[in-house]
$ cat data17.txt   # compact mmCIF, C-alpha atoms
# COMPACT_ATOMS: atom_id res chain seq x y z
CA MET A 1 -111.99 25.11 -40.84
CA ASP A 2 -112.61 21.77 -39.23
CA ASP A 3 -113.35 20.06 -42.57
CA LYS A 4 -110.08 21.23 -44.04
CA ILE A 5 -108.16 20.03 -41.04
CA THR A 6 -109.63 16.53 -41.27
CA GLU A 7 -109.09 16.28 -45.08
CA ILE A 8 -105.34 16.86 -45.06
CA PRO A 9 -104.38 13.86 -42.85
CA ASP A 10 -106.45 11.51 -45.06
CA GLN A 11 -104.53 12.56 -48.18
CA LYS A 12 -101.22 12.07 -46.44
CA ASN A 13 -102.17 8.54 -45.29
CA GLU A 14 -103.22 7.51 -48.79
CA ARG A 15 -100.02 8.82 -50.31
CA SER A 16 -97.99 6.95 -47.69
CA ARG A 17 -99.62 3.64 -48.75
CA ASP A 18 -98.82 4.05 -52.47
CA PRO A 19 -95.19 2.67 -52.45
CA PHE A 20 -96.22 -0.45 -50.57
CA THR A 21 -99.09 -1.07 -52.95
CA VAL A 22 -96.78 -0.65 -55.92
CA PHE A 23 -94.25 -3.04 -54.38
CA VAL A 24 -96.90 -5.70 -53.79
CA ILE A 25 -98.16 -5.36 -57.34
CA ILE A 26 -94.61 -5.68 -58.74
CA LEU A 27 -93.92 -8.68 -56.53
CA ILE A 28 -97.08 -10.41 -57.63
CA ALA A 29 -96.25 -9.68 -61.26
CA LEU A 30 -92.76 -11.15 -60.89
CA LEU A 31 -94.11 -14.25 -59.26
CA LEU A 32 -96.63 -14.66 -62.03
CA ILE A 33 -93.85 -14.27 -64.63
CA LEU A 34 -91.69 -16.85 -62.86
CA ILE A 35 -94.58 -19.28 -62.60
CA ILE A 36 -95.45 -18.85 -66.25
CA TYR A 37 -91.76 -19.14 -67.30
CA GLY A 38 -91.32 -22.24 -65.18
CA ALA A 39 -94.41 -23.82 -66.64
CA VAL A 40 -93.34 -23.00 -70.20
CA SER A 41 -89.76 -24.16 -69.54
CA SER A 42 -90.98 -27.39 -67.97
CA SER A 43 -93.25 -27.96 -70.91
CA MET A 44 -90.37 -27.41 -73.35
CA GLU A 45 -88.08 -29.73 -71.36
CA SER A 46 -90.80 -32.37 -71.28
CA LYS A 47 -91.30 -32.14 -75.05
CA ARG A 48 -87.53 -32.31 -75.66
CA TYR A 49 -87.29 -35.30 -73.32
CA ASP A 50 -90.11 -37.09 -75.15
CA LYS A 51 -88.38 -36.41 -78.47
CA ILE A 52 -85.11 -37.80 -77.10
CA LYS A 53 -86.84 -41.00 -76.00
CA THR A 54 -88.49 -41.29 -79.43
CA LEU A 55 -85.15 -40.82 -81.22
CA MET A 56 -83.47 -43.42 -79.04
CA ALA A 57 -86.31 -45.87 -79.62
CA SER A 58 -85.81 -45.42 -83.38
CA GLY A 59 -82.05 -45.93 -83.09
CA ASP A 60 -81.05 -42.33 -83.86
CA TYR A 61 -78.57 -42.05 -81.00
CA LYS A 62 -76.53 -39.30 -82.64
CA GLN A 63 -79.38 -36.77 -82.75
CA ALA A 64 -80.61 -37.91 -79.36
CA GLY A 65 -77.13 -37.31 -77.96
CA GLU A 66 -77.09 -33.78 -79.39
CA LEU A 67 -80.41 -32.96 -77.71
CA LEU A 68 -79.23 -34.48 -74.44
CA LYS A 69 -76.41 -31.94 -74.34
CA LYS A 70 -79.06 -29.22 -73.90
CA THR A 71 -80.97 -30.72 -70.97
CA ASN A 72 -80.60 -32.00 -67.43
CA TYR A 73 -84.19 -33.15 -67.26
CA ARG A 74 -85.10 -36.31 -65.29
CA ASP A 75 -82.72 -39.20 -66.14
CA SER A 76 -80.91 -37.35 -68.93
CA SER A 77 -77.51 -38.12 -67.35
CA GLY A 78 -78.16 -41.84 -67.61
CA LEU A 79 -79.49 -41.44 -71.14
CA LYS A 80 -76.32 -39.59 -72.17
CA LEU A 81 -74.21 -42.55 -71.07
CA LEU A 82 -76.52 -44.98 -72.84
CA CYS A 83 -76.40 -42.96 -76.08
CA ALA A 84 -72.60 -42.83 -75.83
CA ALA A 85 -72.52 -46.62 -75.41
CA HIS A 86 -74.59 -47.12 -78.55
CA LEU A 87 -72.51 -44.66 -80.58
CA GLU A 88 -69.26 -46.38 -79.53
CA TYR A 89 -70.81 -49.74 -80.37
CA GLU A 90 -71.84 -48.52 -83.82
CA GLY A 91 -68.32 -47.16 -84.34
CA GLY A 92 -66.73 -50.48 -83.41
CA SER A 93 -65.20 -49.31 -80.11
CA LEU A 94 -66.57 -52.20 -78.10
CA SER A 95 -64.47 -51.63 -74.98
CA LEU A 96 -65.65 -48.01 -74.71
CA ALA A 97 -69.22 -49.10 -75.42
CA ARG A 98 -69.01 -51.59 -72.56
CA LYS A 99 -67.53 -48.95 -70.25
CA ASN A 100 -70.29 -46.40 -71.00
CA LEU A 101 -73.00 -49.02 -70.68
CA TYR A 102 -71.64 -50.12 -67.31
CA GLU A 103 -71.63 -46.50 -66.12
CA ALA A 104 -75.20 -46.01 -67.38
CA LYS A 105 -76.35 -49.08 -65.48
CA SER A 106 -74.55 -47.86 -62.37
CA TRP A 107 -76.19 -44.43 -62.69
CA TYR A 108 -79.70 -45.88 -62.78
CA LYS A 109 -78.87 -48.07 -59.81
CA ALA A 110 -77.56 -45.08 -57.82
CA TYR A 111 -80.73 -43.04 -58.52
CA SER A 112 -83.16 -45.93 -58.20
CA TYR A 113 -85.19 -44.02 -55.57
CA TYR A 114 -86.50 -41.78 -58.38
CA ASN A 115 -88.00 -44.87 -60.04
CA TYR A 116 -86.60 -43.94 -63.46
CA THR A 117 -87.22 -46.66 -66.01
CA PRO A 118 -84.28 -47.37 -68.36
CA PRO A 119 -85.31 -47.34 -72.03
CA GLU A 120 -83.81 -50.79 -72.67
CA ASP A 121 -82.46 -53.95 -71.05
CA PHE A 122 -78.86 -53.19 -70.04
CA ASP A 123 -77.95 -56.85 -69.52
CA ALA A 124 -79.12 -57.80 -73.01
CA PHE A 125 -77.04 -55.00 -74.53
CA MET A 126 -74.04 -56.04 -72.40
CA ASP A 127 -74.38 -59.64 -73.63
CA LEU A 128 -74.45 -58.37 -77.22
CA ILE A 129 -71.25 -56.35 -76.66
CA ASP A 130 -69.54 -59.34 -75.03
CA LYS A 131 -70.53 -61.54 -77.97
CA LYS A 132 -69.14 -59.03 -80.46
CA GLN A 133 -65.92 -58.72 -78.47
CA SER A 134 -65.54 -62.50 -78.43
CA GLU A 135 -66.09 -62.64 -82.19
CA ALA A 136 -63.59 -59.81 -82.72
CA ARG A 137 -60.94 -61.59 -80.62
CA ALA A 138 -61.53 -64.83 -82.52
CA ALA A 139 -61.24 -63.01 -85.86
CA ALA A 140 -58.02 -61.29 -84.74
CA ALA A 141 -56.56 -64.61 -83.57
CA GLU A 142 -57.43 -66.19 -86.93
CA ARG A 143 -55.78 -63.33 -88.83
CA GLU A 144 -52.70 -63.69 -86.65
CA ARG A 145 -52.63 -67.45 -87.24
CA GLN A 146 -52.91 -66.99 -91.01
CA ALA A 147 -50.17 -64.34 -91.00
CA LEU A 148 -47.89 -66.65 -88.99
CA GLU A 149 -48.63 -69.56 -91.32
CA TYR A 150 -47.81 -67.43 -94.36
CA GLN A 151 -44.57 -66.18 -92.78
CA ILE A 152 -43.47 -69.72 -91.92
CA LYS A 153 -44.25 -71.29 -95.28
CA ASN A 154 -42.86 -68.43 -97.35
CA GLY A 155 -39.76 -67.53 -95.35
CA VAL A 156 -36.94 -68.88 -93.22
CA PRO A 157 -36.94 -69.59 -89.47
CA PHE A 158 -37.32 -66.39 -87.44
CA GLU A 159 -37.11 -65.32 -83.81
CA GLY A 160 -40.29 -66.13 -81.88
CA MET A 161 -41.32 -68.86 -84.32
CA PRO A 162 -42.53 -72.15 -82.80
CA ALA A 163 -39.63 -74.62 -82.74
CA SER A 164 -42.07 -77.36 -83.72
CA ARG A 165 -42.39 -75.69 -87.15
CA ILE A 166 -38.64 -75.47 -87.74
CA GLY A 167 -38.86 -77.79 -90.75
CA ASP A 168 -41.83 -76.09 -92.46
CA THR A 169 -40.01 -73.13 -94.03
CA ILE A 170 -38.59 -72.76 -97.55
CA LEU A 171 -35.30 -74.21 -96.22
CA GLY A 172 -36.94 -77.59 -95.68
CA LYS A 173 -35.90 -80.02 -92.97
CA PRO A 174 -32.81 -79.19 -90.87
CA SER A 175 -29.91 -81.55 -90.41
CA ASP A 176 -30.47 -84.54 -88.14
CA ASN A 177 -27.36 -83.48 -86.25
CA VAL A 178 -29.01 -81.19 -83.69
CA VAL A 179 -26.51 -79.70 -81.24
CA LYS A 180 -27.64 -79.61 -77.61
CA ARG A 181 -25.97 -76.95 -75.47
CA HIS A 182 -26.08 -76.83 -71.71
CA ARG A 183 -26.76 -73.27 -70.50
CA TRP A 184 -27.15 -71.33 -67.28
CA SER A 185 -29.10 -68.11 -66.84
CA TYR A 186 -27.77 -66.12 -63.89
CA ILE A 187 -30.44 -64.26 -61.93
CA ASN A 188 -27.85 -63.03 -59.42
CA SER A 189 -24.60 -64.27 -57.91
CA ASN A 190 -26.43 -66.90 -55.85
CA LEU A 191 -29.20 -67.95 -58.20
CA LYS A 192 -28.95 -69.47 -61.66
CA ILE A 193 -31.37 -71.35 -63.86
CA GLU A 194 -30.35 -74.32 -65.98
CA TYR A 195 -31.68 -74.66 -69.52
CA TYR A 196 -30.71 -76.11 -72.90
CA GLU A 197 -30.30 -74.66 -76.36
CA TYR A 198 -30.91 -76.75 -79.46
CA VAL A 199 -29.08 -75.66 -82.60
CA TYR A 200 -30.71 -76.64 -85.90
CA SER A 201 -28.48 -76.39 -88.97
CA PHE A 202 -29.48 -76.14 -92.61
CA TYR A 203 -27.11 -77.09 -95.46
CA ASN A 204 -27.23 -76.64 -99.22
CA LYS A 205 -26.72 -79.46 -101.72
CA ASN A 206 -22.96 -78.94 -101.57
CA GLY A 207 -22.90 -79.50 -97.84
CA TYR A 208 -22.29 -75.84 -96.99
CA LEU A 209 -23.97 -74.36 -93.92
CA VAL A 210 -26.54 -71.76 -94.99
CA PHE A 211 -28.64 -71.20 -91.87
CA GLU A 212 -28.75 -71.86 -88.13
CA ALA A 213 -31.62 -71.54 -85.68
CA VAL A 214 -31.15 -71.68 -81.92
CA CYS A 215 -34.22 -72.88 -80.01
CA VAL A 216 -35.04 -72.79 -76.31
CA GLY A 217 -38.10 -74.72 -75.28
CA ASP A 218 -40.59 -74.47 -78.13
CA THR A 219 -39.43 -71.11 -79.42
CA VAL A 220 -36.74 -70.01 -81.84
CA ARG A 221 -34.58 -67.64 -79.83
CA SER A 222 -32.03 -66.54 -82.43
CA VAL A 223 -31.06 -67.18 -86.05
CA THR A 224 -27.94 -66.77 -88.17
CA ASP A 225 -28.28 -66.47 -91.92
CA TYR A 226 -25.26 -67.68 -93.96
CA ARG A 227 -27.03 -67.85 -97.33
CA LYS A 228 -25.01 -65.03 -98.86
CA ASN A 229 -21.76 -66.50 -97.56
CA PRO A 230 -22.25 -70.25 -96.97
CA VAL A 231 -19.82 -71.86 -94.54
CA ALA A 232 -17.76 -74.75 -95.89
CA PRO A 233 -17.99 -78.07 -94.03
CA PHE A 234 -15.49 -78.39 -91.22
CA ASP A 235 -12.85 -81.07 -91.72
CA PRO A 236 -10.94 -81.60 -88.46
CA SER A 237 -8.43 -83.94 -90.11
CA LYS A 238 -6.88 -80.97 -91.91
CA TYR A 239 -6.06 -79.20 -88.69
CA ARG A 240 -5.41 -81.76 -85.97
CA GLY A 241 -1.79 -82.12 -87.06
CA LYS A 242 -1.20 -78.44 -86.39
CA ILE A 243 -1.75 -78.88 -82.68
CA TYR A 244 1.64 -79.05 -81.00
CA ASP A 245 0.48 -79.37 -77.42
CA ASN A 246 -2.50 -80.63 -75.50
CA SER A 247 -4.30 -77.25 -75.53
CA PRO A 248 -7.36 -76.82 -77.78
CA SER A 249 -6.54 -75.02 -81.01
CA VAL A 250 -8.86 -72.53 -82.72
CA ASP A 251 -7.21 -73.15 -86.10
CA GLY A 252 -9.69 -74.20 -88.75
CA PHE A 253 -12.79 -73.18 -86.82
CA SER A 254 -14.97 -70.42 -88.26
CA ASN A 255 -17.10 -69.94 -85.15
CA PRO A 256 -17.05 -70.75 -81.41
CA GLU A 257 -19.97 -73.17 -81.75
CA ASP A 258 -18.01 -75.62 -83.89
CA PHE A 259 -14.98 -75.15 -81.65
CA TYR A 260 -17.03 -76.00 -78.56
CA ASP A 261 -18.62 -79.00 -80.25
CA TRP A 262 -15.17 -80.38 -81.05
CA TYR A 263 -13.64 -79.68 -77.64
CA TYR A 264 -16.78 -80.31 -75.66
CA ASP A 265 -15.01 -82.29 -72.91
CA ASP A 266 -12.32 -79.65 -72.40
CA PHE A 267 -14.61 -76.92 -71.08
CA PHE A 268 -17.13 -76.50 -68.30
CA ASP A 269 -19.69 -74.90 -70.61
CA TYR A 270 -20.07 -73.09 -73.91
CA TYR A 271 -19.29 -69.65 -72.47
CA GLU A 272 -15.92 -70.83 -71.20
CA ALA A 273 -15.14 -72.28 -74.65
CA GLU A 274 -16.34 -69.09 -76.33
CA ASP A 275 -14.05 -66.92 -74.18
CA TYR A 276 -11.15 -69.25 -74.95
CA TYR A 277 -11.93 -69.19 -78.67
CA TYR A 278 -11.83 -65.40 -78.99
CA SER A 279 -8.88 -64.93 -76.62
CA HIS A 280 -6.81 -67.36 -78.76
CA GLY A 281 -7.33 -65.69 -82.09
CA GLY A 282 -10.73 -67.01 -83.13
CA SER A 283 -12.83 -64.77 -85.34
$ encode --input "data17.txt" --output "structure tokens"
Amino acid sequence: MDDKITEIPDQKNERSRDPFTVFVIILIALLLILIIYGAVSSSMESKRYDKIKTLMASGDYKQAGELLKKTNYRDSSGLKLLCAAHLEYEGGSLSLARKNLYEAKSWYKAYSYYNYTPPEDFDAFMDLIDKKQSEARAAAAERERQALEYQIKNGVPFEGMPASRIGDTILGKPSDNVVKRHRWSYINSNLKIEYYEYVYSFYNKNGYLVFEAVCVGDTVRSVTDYRKNPVAPFDPSKYRGKIYDNSPSVDGFSNPEDFYDWYYDDFFDYYEAEDYYYSHGGS
């Protein structure tokens, strides 16, 4: 009887240890799986990283960029920005290339404590971008200059054209009689700026006015094209006899400019003469 009594407790104790043993075994197995998975994953990431660096070294930034989308290994964030800079550069988007390169350089500077080594000299690449941008700006300026030259030599004076080129269009040289107009630009009721307008007139062989260009400073501000309906020369002698009092008469004038030129001393400025011209039947 005594042997049976002592055997039963031993069996119970062994059964009570079974769940713990199973748990430990499972835990150890999971840890081993995680360690193996981590090692394999790290190895795969390392191989992908090495391939990315190889692709970048060979200039294949497109494929390198695609692989970089799948990893966050080491300095992959900086490499993504660098790849983007190269792709924008290859596509001709120099401003975006410069922006991405600047961000890549800033990233490596921010994480300098990891001692990551950039795959290339950022400053040399930046200098190359700046050189290309300078060349692009110079080329654009030359195209603009050529377009302006063509427009001047093959057309008539136009708004925004340099006043110094007023005689280089198909109309030839303007009349020597350049009208100078005194003008005021009102900023507000207490502030006004004085300036002058210069009116260049172009006439055909019959003496008819065919074109006018108004210049301020060295720029053509406005133009009036009379080529379809040339204006006959003004002959004041035909109309002076029609004036029956001392007031300026608008008879015989086809525009307020000629009216103001004739009665220059009777008005404070052109705008006063213009108001008078239209209020007294001028058209």
$ closest_residue --input "data17.txt" --among "A:Asp75, A:Asp168, A:Asp176, A:Glu272" --to "Lys105 in chain A" --atoms "only C-alpha atoms"
A:Asp75
$ atom_distance --input "data17.txt" --atom1 "CA of Ala213 in chain A" --atom2 "CA of Pro157 in chain A"
6.8 Å
$ residues_around --input "data17.txt" --residues "Glu45 in chain A" --least-positions-apart "5" --cutoff "9 Å" --atoms "all atoms listed in the file" --output "mmCIF file with C-alpha atoms, in the frame of the given file"
data_model
loop_
_atom_site.group_PDB
_atom_site.id
_atom_site.type_symbol
_atom_site.label_atom_id
_atom_site.label_comp_id
_atom_site.auth_asym_id
_atom_site.auth_seq_id
_atom_site.Cartn_x
_atom_site.Cartn_y
_atom_site.Cartn_z
ATOM 1 C CA VAL A 40 -93.340 -23.000 -70.200
ATOM 2 C CA ASP A 50 -90.110 -37.090 -75.150
ATOM 3 C CA THR A 71 -80.970 -30.720 -70.970
ATOM 4 C CA ASN A 72 -80.600 -32.000 -67.430
ATOM 5 C CA TYR A 73 -84.190 -33.150 -67.260
#
$ atom_distance --input "data17.txt" --atom1 "CA of Leu82 in chain A" --atom2 "CA of Met44 in chain A"
22.4 Å
$ residues_near_point --input "data17.txt" --point "(-27.0, -67.4, -88.7)" --cutoff "10 Å" --atoms "all atoms listed in the file" --output "list in words"
Ser201, Phe202, Leu209, Val210, Phe211, Glu212, Ala213, Val214, Ser222, Val223, Thr224, Asp225, Tyr226, Arg227 and Pro230 of chain A
$ residues_around --input "data17.txt" --residues "Tyr116 in chain A" --least-positions-apart "4" --cutoff "10 Å" --atoms "all atoms listed in the file" --output "list in words"
Arg74, Asp75, Gly78, Tyr108, Lys109, Tyr111 and Ser112 of chain A
$ atom_distance --input "data17.txt" --atom1 "CA of Lys131 in chain A" --atom2 "CA of Met56 in chain A"
22.3 Å
$ closest_residue --input "data17.txt" --among "A:Arg98, A:Leu148, A:Arg143, A:Arg183" --to "Leu128 in chain A" --atoms "only C-alpha atoms"
A:Arg98
